[in-house]
Amino acid sequence: MGDAAENQSDYLGLLNPAQRQAASFGQKTPDGGFTAGPLLVIAGAGTGKTMTLAHRVAHLIIQGVNPERILLLTFTRRAAQEMTRRVDSIVRQALRGANDPPMTSNVLSWSGTFHSVANRLLRRYAHNLDLDPGFSVLDRGDSADLMDVVRHELGLSRKLRRFPKKDTCLSIYSRCVNSRKALVDSLSETYPWCADWEEELRLLFRGYVEQKLKSQALDYDDLLLYWSYLVADEEFAAELSSWFDHVLVDEYQDTNILQADILNAIRPDGAGVTVVGDDAQSIYSFRAAEVENILGFPDQYMPSARIISLEENYRSTQPILDSANCLIAEADRQYRKNLFSEKKGGGRPLYVTVEDSDAEADFVVEGVLAGREQGLELKDQAVLFRGAHHSDRLELELVRRNIPYVKYGGLKFLEAGHVKDLLSVLKWGDNPRNQVAAFRVLKLLPGMGPAYAARCFEFLGANDHSFPALRNFSPPSATRVDWPDFCDLMSSLASSETDDHGWQTGLTEVRRWYQPHLERLYDGLDTREADLEQLEQISGKYPTRERFLTELTLDPPSASGDLAGDPYLDEDYLILSTVHSAKGQEWDSVFVLNFSDGNFPSEFSTGKPELIEEERRLLYVAMTRAKQSLTLIAPLRYHVTQQRRDGDKHVYGARSRFLTDSLMATMDAAFHGRPATSGRLVPRSNKRLDVAGRLKEMW
C-alpha cells in the first residue's frame, strides 16, 4: 500500500498550479465522501481544458466518490469517450497497487452528451411522461421531412405567397423551444421575413407536435424539452438529484437556456456542480446557445460560485497570443484573462492586403507550398473562413495546382440518401408508428408513390401497427413482385424487437434486401457500399438496436463522402474549414480569408451589439487555432458576381472594425499583388501573312 499511496500523491503532478487548483477543488467529509460547492473553470483557448476536467473527475473517484454517482455532460459523444478514457488511465495509474481500483471505463456510466443522457432518462421515466419506452428519435433530416408532411397536409405549400420551406420552419420551431421565447419574439428578432406567417406557423407547429405524439417520435429538441419538464416537477428533480453526488458540464458556454435550466433544477444549490468553458469562445447563438449562462453562472448561488481561470496556453506562441489577447480585451462583457505561453519561436501574426479574391487564392497557395518546403505537412496547415462559399476561388486554384484538400462543414454521414434509406428500415422496424421512416421505406419499392404509401401506413395503423398484417395489403402492380420479401423482412425485424442479442443479424438482412434497390436508385455504388459496410461495422459496438439508432442519430460519424474534391488519402492534404467547424482544432499554420468588414464581422450581424461581440469571439477562435504562424488576409476589392464573365464590376472591401490601431500594433503588415509586366509587347515588323488564303487552300 505504500507504493499505492506514493502514486496517489503525484497523479496531479502534470498540472500547473491553476489546473491543480481546479482539479482538486473541494474537501473530504468525515464519512469518507467528498464535497464541493459550485465551481466555474474559465479555460482559455489551448489551456488544457480537457486534461483539467479529466483530472477533476479522476480526483473525485480517487477521493472516494462512486463513479456511478458522477454525471458528466459533454457536447459530443467523442468528447465523452475521450474524457472517460483519460479518467480511466489517470485512476489506474494513481491506484496502481491498490486492492480494488475502480474500473471507470465500465462504471463511469453517466458520461455522455446532453441529448444521449436525456434519451436514457426519458426511457426510464417513459411511463411518467406518457411515452412509449420504444419511442423513436428523429434526426434533423427526418424532423424536416415530417414538418414538410404536416406543411403539405395543412395546404401551406399551396399559398399564393411563398411560405417558408421545411428547414426554415424547423429552425424557427427549434429556436422557440431552445430559447424559450414566444413565437412572435423569435420571428421579430431572428426571422423577420417570416413574421407575416405567425398564425400559419403556429398552426403548423401544433400539427407537427401532434404528428410526433401520434408516431411516438421525439426530435432533438424534444429530448431536452421532456427532460426539462421532468425536472420542473420537484419530486422528480429531487429523485434525479439523489442519483448523483457530482455533476460536471463541459463547454458550458455552448449551453442553451433549456440545458442551463435542467442543470439548475437538478442542483439548485450548486452542490457538486463543476462547469468548464470559455465565454470568449461562445460562437453558437444561431443554435440558441446563450453566453449569459456562463457569464451569470457564479451569481446564481449564495455564496457565489468559485471562479478559477486557466491562462497558460500550451498551443500558440506568445506573439499570436498577444494579438488574440488584444482583440478580446476590447469586448464589452467578459471574464478578464491574459493568455501566456512558454513556447519559443514563431513571428508576429501577419496582416496581408491583396488586390482581390484571385490574388488572395494565389497568396494562400504560395504560402502553403512555401510552408511545405520548410517542413510543414499540408495537414499541419489550415485555411479558415467565415462562410463556406468564401473558399470557392481558392478551391479552383487548389484543383488547378493539383493540391489535395479536405473541406470541413459539408455533408454529414446520416444525410447521405443511401444511409438514411437503410436506417429508416431499422427505425420503422423498431417503431411501427414512425411515419417518416415508413414513408421513406415504402417509397423505396418500385411503383409505391406517396398516395399508396399513405394508404399502406393507414392500413397498418388500422391493424394495430402489426407488420404481419402487411401481407393482407394490396400494393400497386409494380410492387407486387417485391412485396412478399418486404413483408417477411419487416415481420422479422419486429419479431426481434424484444430480443436484442445478435440484433446485428437483422442489419445484415436489411442490407441484403436493400442491395437491388441501392443499385436501382443510385450511382457511385462503390462509395455507397463502403458507407453501408462502415455502418455495419459500427453496429458491433452497440448492445441493442435502440442504442445503435439513437446514439447514431444524436452524434453521427463522418463519412468518406464528406471529403471535398478528390484528395489522395494515402498522401498529404490541406485543411479547409469554416471557423465554426474549426473550434477545438489546432494547426501549425493558419490562414484566415476575407478579413474585412462584412465578413468579420458578418454584414448580417451588424444590427445588434451582442451579435457584433459574437463575431469578435468568432475571430478570436480563428486566431487561437494557430500554433506557430497566423495570417489574416484582406482583399481590397470584391468582384460583383452577377455580371458578364469578362466584366470588372467590383466593390471595395472596408477595413474590419476589429482591426483597431492597438491590434494592428501587435501584427506585421504586408501587401501581395500580381507581378508587374516588364513592358508592353509591340510587333516590330509590318509583314503580313495570308492565313485566310491558306485556310481556303486546305479544302
# chains A, B, ... in the order shown; residues from 1 in each chain; ligands from 1

call {"tool": "residues_around", "arguments": {"residues": "Gln63 in chain A", "least_positions_apart": "2", "cutoff": "8 Å", "atoms": "only C-alpha atoms", "output": "mmCIF file with N, CA, C and O atoms, in the first residue's frame"}}
result
data_model
loop_
_atom_site.group_PDB
_atom_site.id
_atom_site.type_symbol
_atom_site.label_atom_id
_atom_site.label_comp_id
_atom_site.auth_asym_id
_atom_site.auth_seq_id
_atom_site.Cartn_x
_atom_site.Cartn_y
_atom_site.Cartn_z
ATOM 1 N N LYS A 28 -12.654 16.549 1.727
ATOM 2 C CA LYS A 28 -13.176 15.275 2.226
ATOM 3 C C LYS A 28 -14.192 15.548 3.339
ATOM 4 O O LYS A 28 -14.099 16.533 4.066
ATOM 5 N N GLY A 33 -16.669 10.711 2.270
ATOM 6 C CA GLY A 33 -17.090 11.235 0.975
ATOM 7 C C GLY A 33 -16.276 12.455 0.572
ATOM 8 O O GLY A 33 -15.257 12.786 1.187
ATOM 9 N N PHE A 34 -16.736 13.134 -0.467
ATOM 10 C CA PHE A 34 -16.033 14.323 -0.950
ATOM 11 C C PHE A 34 -17.077 15.342 -1.375
ATOM 12 O O PHE A 34 -17.982 15.030 -2.151
ATOM 13 N N HIS A 59 -9.908 12.809 -9.763
ATOM 14 C CA HIS A 59 -9.682 13.194 -8.365
ATOM 15 C C HIS A 59 -10.895 12.835 -7.513
ATOM 16 O O HIS A 59 -10.740 12.331 -6.377
ATOM 17 N N LEU A 60 -12.097 13.072 -8.029
ATOM 18 C CA LEU A 60 -13.310 12.731 -7.279
ATOM 19 C C LEU A 60 -13.346 11.233 -6.983
ATOM 20 O O LEU A 60 -13.655 10.809 -5.863
ATOM 21 N N ILE A 61 -13.021 10.421 -8.002
ATOM 22 C CA ILE A 61 -13.059 8.969 -7.831
ATOM 23 C C ILE A 61 -12.002 8.512 -6.831
ATOM 24 O O ILE A 61 -12.259 7.683 -5.947
ATOM 25 N N VAL A 65 -15.443 9.081 -4.296
ATOM 26 C CA VAL A 65 -16.767 9.237 -4.906
ATOM 27 C C VAL A 65 -17.034 8.041 -5.823
ATOM 28 O O VAL A 65 -16.184 7.659 -6.633
#

call {"tool": "residues_around", "arguments": {"residues": "Asn256 in chain A", "least_positions_apart": "6", "cutoff": "9 Å", "atoms": "only C-alpha atoms", "output": "PyMOL selection string"}}
result
chain A and resi 178-179+285+287-291+293

call {"tool": "atom_distance", "arguments": {"atom1": "CA of Thr76 in chain A", "atom2": "CA of Ser109 in chain A"}}
result
15.5 Å

call {"tool": "atom_distance", "arguments": {"atom1": "CA of Asp148 in chain A", "atom2": "CA of Lys166 in chain A"}}
result
5.3 Å

call {"tool": "closest_atom_pairs", "arguments": {"of": "range 470-489 of chain A", "to": "range 442-455 of chain A", "cutoff": "9 Å", "atoms": "only C-alpha atoms", "output": "CSV"}}
result
residue,atom,partner,partner_atom,distance
A:Pro475,CA,A:Tyr452,CA,7.4
A:Pro476,CA,A:Gly447,CA,6.4
A:Ser477,CA,A:Gly447,CA,7.4
A:Ala478,CA,A:Gly447,CA,4.9
A:Thr479,CA,A:Pro446,CA,5.5
A:Asp482,CA,A:Leu445,CA,7.4
A:Trp483,CA,A:Leu445,CA,8.4
A:Phe486,CA,A:Leu445,CA,8.9

call {"tool": "closest_atom_pairs", "arguments": {"of": "range 282-396 of chain A", "to": "range 36-40 of chain A", "cutoff": "9 Å", "atoms": "only C-alpha atoms", "output": "tab-separated table"}}
result
residue	atom	partner	partner_atom	distance
A:Ile294	CA	A:Leu40	CA	8.3
A:Phe297	CA	A:Leu40	CA	7.6
A:Pro298	CA	A:Leu40	CA	7.2
A:Tyr301	CA	A:Pro38	CA	7.9
A:Ser304	CA	A:Pro38	CA	7.9
A:Ala305	CA	A:Pro38	CA	4.8
A:Arg306	CA	A:Leu39	CA	4.9
A:Ile307	CA	A:Leu40	CA	4.8
A:Ile308	CA	A:Leu40	CA	6.4
A:Ser309	CA	A:Leu40	CA	8.4

call {"tool": "closest_atom_pairs", "arguments": {"of": "range 286-395 of chain A", "to": "range 572-575 of chain A", "cutoff": "12 Å", "atoms": "only C-alpha atoms", "output": "JSON lines"}}
result
{"residue": "A:Val364", "atom": "CA", "partner": "A:Leu574", "partner_atom": "CA", "distance": 11.2}
{"residue": "A:Val365", "atom": "CA", "partner": "A:Leu574", "partner_atom": "CA", "distance": 10.1}
{"residue": "A:Gly367", "atom": "CA", "partner": "A:Leu574", "partner_atom": "CA", "distance": 11.9}
{"residue": "A:Val368", "atom": "CA", "partner": "A:Leu574", "partner_atom": "CA", "distance": 8.4}
{"residue": "A:Leu369", "atom": "CA", "partner": "A:Leu574", "partner_atom": "CA", "distance": 10.2}
{"residue": "A:Gly371", "atom": "CA", "partner": "A:Leu574", "partner_atom": "CA", "distance": 11.4}
{"residue": "A:Arg372", "atom": "CA", "partner": "A:Asp572", "partner_atom": "CA", "distance": 10.3}
{"residue": "A:Leu376", "atom": "CA", "partner": "A:Asp572", "partner_atom": "CA", "distance": 10.5}
{"residue": "A:Glu377", "atom": "CA", "partner": "A:Asp572", "partner_atom": "CA", "distance": 6.7}
{"residue": "A:Leu378", "atom": "CA", "partner": "A:Leu574", "partner_atom": "CA", "distance": 4.6}
{"residue": "A:Lys379", "atom": "CA", "partner": "A:Leu574", "partner_atom": "CA", "distance": 5.2}
{"residue": "A:Asp380", "atom": "CA", "partner": "A:Leu574", "partner_atom": "CA", "distance": 7.7}
{"residue": "A:Gln381", "atom": "CA", "partner": "A:Leu574", "partner_atom": "CA", "distance": 6.3}
{"residue": "A:Ala382", "atom": "CA", "partner": "A:Ile575", "partner_atom": "CA", "distance": 4.6}
{"residue": "A:Val383", "atom": "CA", "partner": "A:Ile575", "partner_atom": "CA", "distance": 6.3}
{"residue": "A:Leu384", "atom": "CA", "partner": "A:Ile575", "partner_atom": "CA", "distance": 8.5}
{"residue": "A:Phe385", "atom": "CA", "partner": "A:Ile575", "partner_atom": "CA", "distance": 11.4}
{"residue": "A:Ser391", "atom": "CA", "partner": "A:Ile575", "partner_atom": "CA", "distance": 11.4}
{"residue": "A:Leu394", "atom": "CA", "partner": "A:Leu574", "partner_atom": "CA", "distance": 11.6}
{"residue": "A:Glu395", "atom": "CA", "partner": "A:Leu574", "partner_atom": "CA", "distance": 10.7}

call {"tool": "select_by_dssp", "arguments": {"residues": "range 11-157 of chain A", "states": "alpha helix (DSSP H)", "output": "ChimeraX atom specification"}}
result
/A:17-23,49-62,77-94,104-107,114-124,140-153

call {"tool": "closest_residue", "arguments": {"among": "A:Tyr125, A:Leu695, A:Leu248, A:Trp197", "to": "Met83 in chain A", "atoms": "only C-alpha atoms"}}
result
A:Leu248

call {"tool": "select_by_dssp", "arguments": {"residues": "range 266-422 of chain A", "states": "strand (DSSP E)", "output": "PyMOL selection string"}}
result
chain A and resi 273-277+306-310+350-354+381-385+405-408

call {"tool": "closest_residue", "arguments": {"among": "A:Phe473, A:Phe439, A:Phe363, A:Tyr314", "to": "Gly48 in chain A", "atoms": "only C-alpha atoms"}}
result
A:Tyr314

call {"tool": "residues_around", "arguments": {"residues": "range 516-518 of chain A", "least_positions_apart": "6", "cutoff": "10 Å", "atoms": "only C-alpha atoms", "output": "list in words"}}
result
Gly417, His418, Asp421, Leu422, Leu444, Leu445, Pro446, Leu525, Arg528 and Glu529 of chain A

call {"tool": "decode", "arguments": {"residues": "range 392-536 of chain A", "atoms": "C-alpha atoms", "output": "PDB file, in the first residue's frame"}}
result
ATOM      1  CA  ASP A 392     -14.681  28.898 -53.835  1.00  0.00           C
ATOM      2  CA  ARG A 393     -11.876  30.728 -55.662  1.00  0.00           C
ATOM      3  CA  LEU A 394      -9.233  29.037 -53.546  1.00  0.00           C
ATOM      4  CA  GLU A 395     -10.667  25.579 -54.259  1.00  0.00           C
ATOM      5  CA  LEU A 396     -10.446  26.207 -58.005  1.00  0.00           C
ATOM      6  CA  GLU A 397      -6.807  27.227 -57.628  1.00  0.00           C
ATOM      7  CA  LEU A 398      -6.028  24.176 -55.494  1.00  0.00           C
ATOM      8  CA  VAL A 399      -7.511  21.893 -58.153  1.00  0.00           C
ATOM      9  CA  ARG A 400      -5.576  23.696 -60.879  1.00  0.00           C
ATOM     10  CA  ARG A 401      -2.322  23.264 -58.934  1.00  0.00           C
ATOM     11  CA  ASN A 402      -3.139  19.622 -58.108  1.00  0.00           C
ATOM     12  CA  ILE A 403      -3.090  20.256 -54.320  1.00  0.00           C
ATOM     13  CA  PRO A 404      -5.359  17.777 -52.452  1.00  0.00           C
ATOM     14  CA  TYR A 405      -7.560  19.197 -49.706  1.00  0.00           C
ATOM     15  CA  VAL A 406     -10.356  18.364 -47.293  1.00  0.00           C
ATOM     16  CA  LYS A 407     -13.144  20.815 -46.527  1.00  0.00           C
ATOM     17  CA  TYR A 408     -14.975  20.560 -43.221  1.00  0.00           C
ATOM     18  CA  GLY A 409     -18.572  21.618 -42.718  1.00  0.00           C
ATOM     19  CA  GLY A 410     -20.007  19.572 -45.586  1.00  0.00           C
ATOM     20  CA  LEU A 411     -22.486  16.711 -45.861  1.00  0.00           C
ATOM     21  CA  LYS A 412     -22.907  14.578 -42.744  1.00  0.00           C
ATOM     22  CA  PHE A 413     -22.960  10.807 -42.808  1.00  0.00           C
ATOM     23  CA  LEU A 414     -26.633  10.485 -41.910  1.00  0.00           C
ATOM     24  CA  GLU A 415     -27.647  12.994 -44.593  1.00  0.00           C
ATOM     25  CA  ALA A 416     -26.497  10.668 -47.378  1.00  0.00           C
ATOM     26  CA  GLY A 417     -29.567   9.182 -49.071  1.00  0.00           C
ATOM     27  CA  HIS A 418     -28.449   5.550 -49.045  1.00  0.00           C
ATOM     28  CA  VAL A 419     -27.570   5.688 -45.325  1.00  0.00           C
ATOM     29  CA  LYS A 420     -30.924   7.270 -44.483  1.00  0.00           C
ATOM     30  CA  ASP A 421     -32.662   4.536 -46.507  1.00  0.00           C
ATOM     31  CA  LEU A 422     -31.036   1.716 -44.572  1.00  0.00           C
ATOM     32  CA  LEU A 423     -31.530   3.320 -41.176  1.00  0.00           C
ATOM     33  CA  SER A 424     -35.168   4.091 -41.977  1.00  0.00           C
ATOM     34  CA  VAL A 425     -35.868   0.374 -42.421  1.00  0.00           C
ATOM     35  CA  LEU A 426     -34.389  -0.283 -38.955  1.00  0.00           C
ATOM     36  CA  LYS A 427     -36.223   2.676 -37.437  1.00  0.00           C
ATOM     37  CA  TRP A 428     -39.567   1.554 -38.800  1.00  0.00           C
ATOM     38  CA  GLY A 429     -38.908  -1.970 -37.590  1.00  0.00           C
ATOM     39  CA  ASP A 430     -38.078  -0.547 -34.155  1.00  0.00           C
ATOM     40  CA  ASN A 431     -41.171   1.687 -34.019  1.00  0.00           C
ATOM     41  CA  PRO A 432     -44.063   0.782 -36.384  1.00  0.00           C
ATOM     42  CA  ARG A 433     -45.680   4.172 -35.641  1.00  0.00           C
ATOM     43  CA  ASN A 434     -42.725   6.088 -37.126  1.00  0.00           C
ATOM     44  CA  GLN A 435     -44.464   7.695 -40.091  1.00  0.00           C
ATOM     45  CA  VAL A 436     -41.391   9.452 -41.506  1.00  0.00           C
ATOM     46  CA  ALA A 437     -39.383   6.222 -41.632  1.00  0.00           C
ATOM     47  CA  ALA A 438     -42.371   4.327 -43.029  1.00  0.00           C
ATOM     48  CA  PHE A 439     -42.878   6.725 -45.929  1.00  0.00           C
ATOM     49  CA  ARG A 440     -39.200   6.666 -46.855  1.00  0.00           C
ATOM     50  CA  VAL A 441     -39.042   2.856 -46.752  1.00  0.00           C
ATOM     51  CA  LEU A 442     -42.238   2.293 -48.696  1.00  0.00           C
ATOM     52  CA  LYS A 443     -41.197   4.699 -51.446  1.00  0.00           C
ATOM     53  CA  LEU A 444     -38.037   2.632 -51.995  1.00  0.00           C
ATOM     54  CA  LEU A 445     -40.253  -0.012 -53.591  1.00  0.00           C
ATOM     55  CA  PRO A 446     -40.856   0.378 -57.343  1.00  0.00           C
ATOM     56  CA  GLY A 447     -44.332   1.726 -58.094  1.00  0.00           C
ATOM     57  CA  MET A 448     -45.002   2.792 -54.488  1.00  0.00           C
ATOM     58  CA  GLY A 449     -45.734   6.524 -54.616  1.00  0.00           C
ATOM     59  CA  PRO A 450     -46.783   8.894 -51.796  1.00  0.00           C
ATOM     60  CA  ALA A 451     -50.508   8.098 -52.127  1.00  0.00           C
ATOM     61  CA  TYR A 452     -50.023   4.324 -51.873  1.00  0.00           C
ATOM     62  CA  ALA A 453     -47.503   4.808 -49.037  1.00  0.00           C
ATOM     63  CA  ALA A 454     -50.064   6.829 -47.084  1.00  0.00           C
ATOM     64  CA  ARG A 455     -52.736   4.197 -47.756  1.00  0.00           C
ATOM     65  CA  CYS A 456     -50.384   1.432 -46.579  1.00  0.00           C
ATOM     66  CA  PHE A 457     -49.481   3.279 -43.374  1.00  0.00           C
ATOM     67  CA  GLU A 458     -53.157   3.868 -42.601  1.00  0.00           C
ATOM     68  CA  PHE A 459     -53.833   0.169 -43.210  1.00  0.00           C
ATOM     69  CA  LEU A 460     -51.064  -0.765 -40.773  1.00  0.00           C
ATOM     70  CA  GLY A 461     -52.496   1.612 -38.171  1.00  0.00           C
ATOM     71  CA  ALA A 462     -55.925   0.061 -38.556  1.00  0.00           C
ATOM     72  CA  ASN A 463     -54.325  -3.319 -37.809  1.00  0.00           C
ATOM     73  CA  ASP A 464     -52.680  -2.231 -34.549  1.00  0.00           C
ATOM     74  CA  HIS A 465     -49.389  -1.491 -36.331  1.00  0.00           C
ATOM     75  CA  SER A 466     -48.673  -5.205 -36.693  1.00  0.00           C
ATOM     76  CA  PHE A 467     -46.220  -5.852 -39.521  1.00  0.00           C
ATOM     77  CA  PRO A 468     -47.545  -9.367 -40.343  1.00  0.00           C
ATOM     78  CA  ALA A 469     -50.790  -7.633 -41.383  1.00  0.00           C
ATOM     79  CA  LEU A 470     -48.934  -6.058 -44.319  1.00  0.00           C
ATOM     80  CA  ARG A 471     -49.335  -9.350 -46.192  1.00  0.00           C
ATOM     81  CA  ASN A 472     -53.056  -8.556 -46.496  1.00  0.00           C
ATOM     82  CA  PHE A 473     -52.456  -5.129 -48.032  1.00  0.00           C
ATOM     83  CA  SER A 474     -52.870  -4.870 -51.801  1.00  0.00           C
ATOM     84  CA  PRO A 475     -49.857  -2.958 -53.212  1.00  0.00           C
ATOM     85  CA  PRO A 476     -49.675  -1.438 -56.721  1.00  0.00           C
ATOM     86  CA  SER A 477     -48.946  -3.882 -59.524  1.00  0.00           C
ATOM     87  CA  ALA A 478     -45.320  -2.738 -59.940  1.00  0.00           C
ATOM     88  CA  THR A 479     -44.651  -3.530 -56.285  1.00  0.00           C
ATOM     89  CA  ARG A 480     -46.211  -6.996 -56.084  1.00  0.00           C
ATOM     90  CA  VAL A 481     -43.075  -8.934 -57.042  1.00  0.00           C
ATOM     91  CA  ASP A 482     -41.068  -7.343 -54.200  1.00  0.00           C
ATOM     92  CA  TRP A 483     -43.911  -7.268 -51.670  1.00  0.00           C
ATOM     93  CA  PRO A 484     -43.640 -10.759 -50.076  1.00  0.00           C
ATOM     94  CA  ASP A 485     -39.898 -10.378 -49.337  1.00  0.00           C
ATOM     95  CA  PHE A 486     -40.511  -6.932 -47.931  1.00  0.00           C
ATOM     96  CA  CYS A 487     -43.293  -8.185 -45.629  1.00  0.00           C
ATOM     97  CA  ASP A 488     -41.054 -11.019 -44.420  1.00  0.00           C
ATOM     98  CA  LEU A 489     -38.260  -8.553 -43.672  1.00  0.00           C
ATOM     99  CA  MET A 490     -40.420  -6.175 -41.624  1.00  0.00           C
ATOM    100  CA  SER A 491     -42.038  -9.041 -39.705  1.00  0.00           C
ATOM    101  CA  SER A 492     -38.584 -10.409 -38.933  1.00  0.00           C
ATOM    102  CA  LEU A 493     -37.384  -7.033 -37.646  1.00  0.00           C
ATOM    103  CA  ALA A 494     -40.483  -6.691 -35.467  1.00  0.00           C
ATOM    104  CA  SER A 495     -40.101 -10.178 -34.005  1.00  0.00           C
ATOM    105  CA  SER A 496     -36.505  -9.422 -32.982  1.00  0.00           C
ATOM    106  CA  GLU A 497     -37.605  -6.208 -31.246  1.00  0.00           C
ATOM    107  CA  THR A 498     -37.613  -7.831 -27.821  1.00  0.00           C
ATOM    108  CA  ASP A 499     -34.581  -9.996 -28.471  1.00  0.00           C
ATOM    109  CA  ASP A 500     -31.569  -7.705 -28.774  1.00  0.00           C
ATOM    110  CA  HIS A 501     -28.962 -10.465 -28.606  1.00  0.00           C
ATOM    111  CA  GLY A 502     -27.323 -10.636 -32.014  1.00  0.00           C
ATOM    112  CA  TRP A 503     -29.548  -7.857 -33.349  1.00  0.00           C
ATOM    113  CA  GLN A 504     -26.861  -7.049 -35.948  1.00  0.00           C
ATOM    114  CA  THR A 505     -28.085 -10.099 -37.906  1.00  0.00           C
ATOM    115  CA  GLY A 506     -31.185  -8.062 -38.732  1.00  0.00           C
ATOM    116  CA  LEU A 507     -28.986  -5.291 -40.131  1.00  0.00           C
ATOM    117  CA  THR A 508     -27.316  -7.826 -42.408  1.00  0.00           C
ATOM    118  CA  GLU A 509     -30.750  -8.957 -43.618  1.00  0.00           C
ATOM    119  CA  VAL A 510     -31.727  -5.357 -44.321  1.00  0.00           C
ATOM    120  CA  ARG A 511     -28.548  -4.784 -46.315  1.00  0.00           C
ATOM    121  CA  ARG A 512     -29.197  -7.890 -48.397  1.00  0.00           C
ATOM    122  CA  TRP A 513     -32.786  -6.770 -49.106  1.00  0.00           C
ATOM    123  CA  TYR A 514     -31.716  -3.197 -49.875  1.00  0.00           C
ATOM    124  CA  GLN A 515     -28.896  -4.062 -52.315  1.00  0.00           C
ATOM    125  CA  PRO A 516     -31.038  -4.280 -55.507  1.00  0.00           C
ATOM    126  CA  HIS A 517     -32.828  -1.057 -54.569  1.00  0.00           C
ATOM    127  CA  LEU A 518     -29.469   0.652 -53.976  1.00  0.00           C
ATOM    128  CA  GLU A 519     -28.324  -0.406 -57.442  1.00  0.00           C
ATOM    129  CA  ARG A 520     -31.593   0.815 -58.971  1.00  0.00           C
ATOM    130  CA  LEU A 521     -31.743   4.193 -57.221  1.00  0.00           C
ATOM    131  CA  TYR A 522     -28.142   5.434 -57.009  1.00  0.00           C
ATOM    132  CA  ASP A 523     -24.910   5.674 -58.934  1.00  0.00           C
ATOM    133  CA  GLY A 524     -21.402   5.642 -57.432  1.00  0.00           C
ATOM    134  CA  LEU A 525     -22.047   2.258 -55.863  1.00  0.00           C
ATOM    135  CA  ASP A 526     -18.501   1.638 -54.619  1.00  0.00           C
ATOM    136  CA  THR A 527     -18.542   4.619 -52.246  1.00  0.00           C
ATOM    137  CA  ARG A 528     -22.107   3.969 -51.113  1.00  0.00           C
ATOM    138  CA  GLU A 529     -21.469   0.290 -50.425  1.00  0.00           C
ATOM    139  CA  ALA A 530     -18.369   1.277 -48.436  1.00  0.00           C
ATOM    140  CA  ASP A 531     -20.537   3.597 -46.334  1.00  0.00           C
ATOM    141  CA  LEU A 532     -23.001   0.794 -45.623  1.00  0.00           C
ATOM    142  CA  GLU A 533     -20.150  -1.541 -44.707  1.00  0.00           C
ATOM    143  CA  GLN A 534     -18.886   1.117 -42.324  1.00  0.00           C
ATOM    144  CA  LEU A 535     -22.378   1.342 -40.836  1.00  0.00           C
ATOM    145  CA  GLU A 536     -22.449  -2.418 -40.304  1.00  0.00           C
TER     146      GLU A 536
END
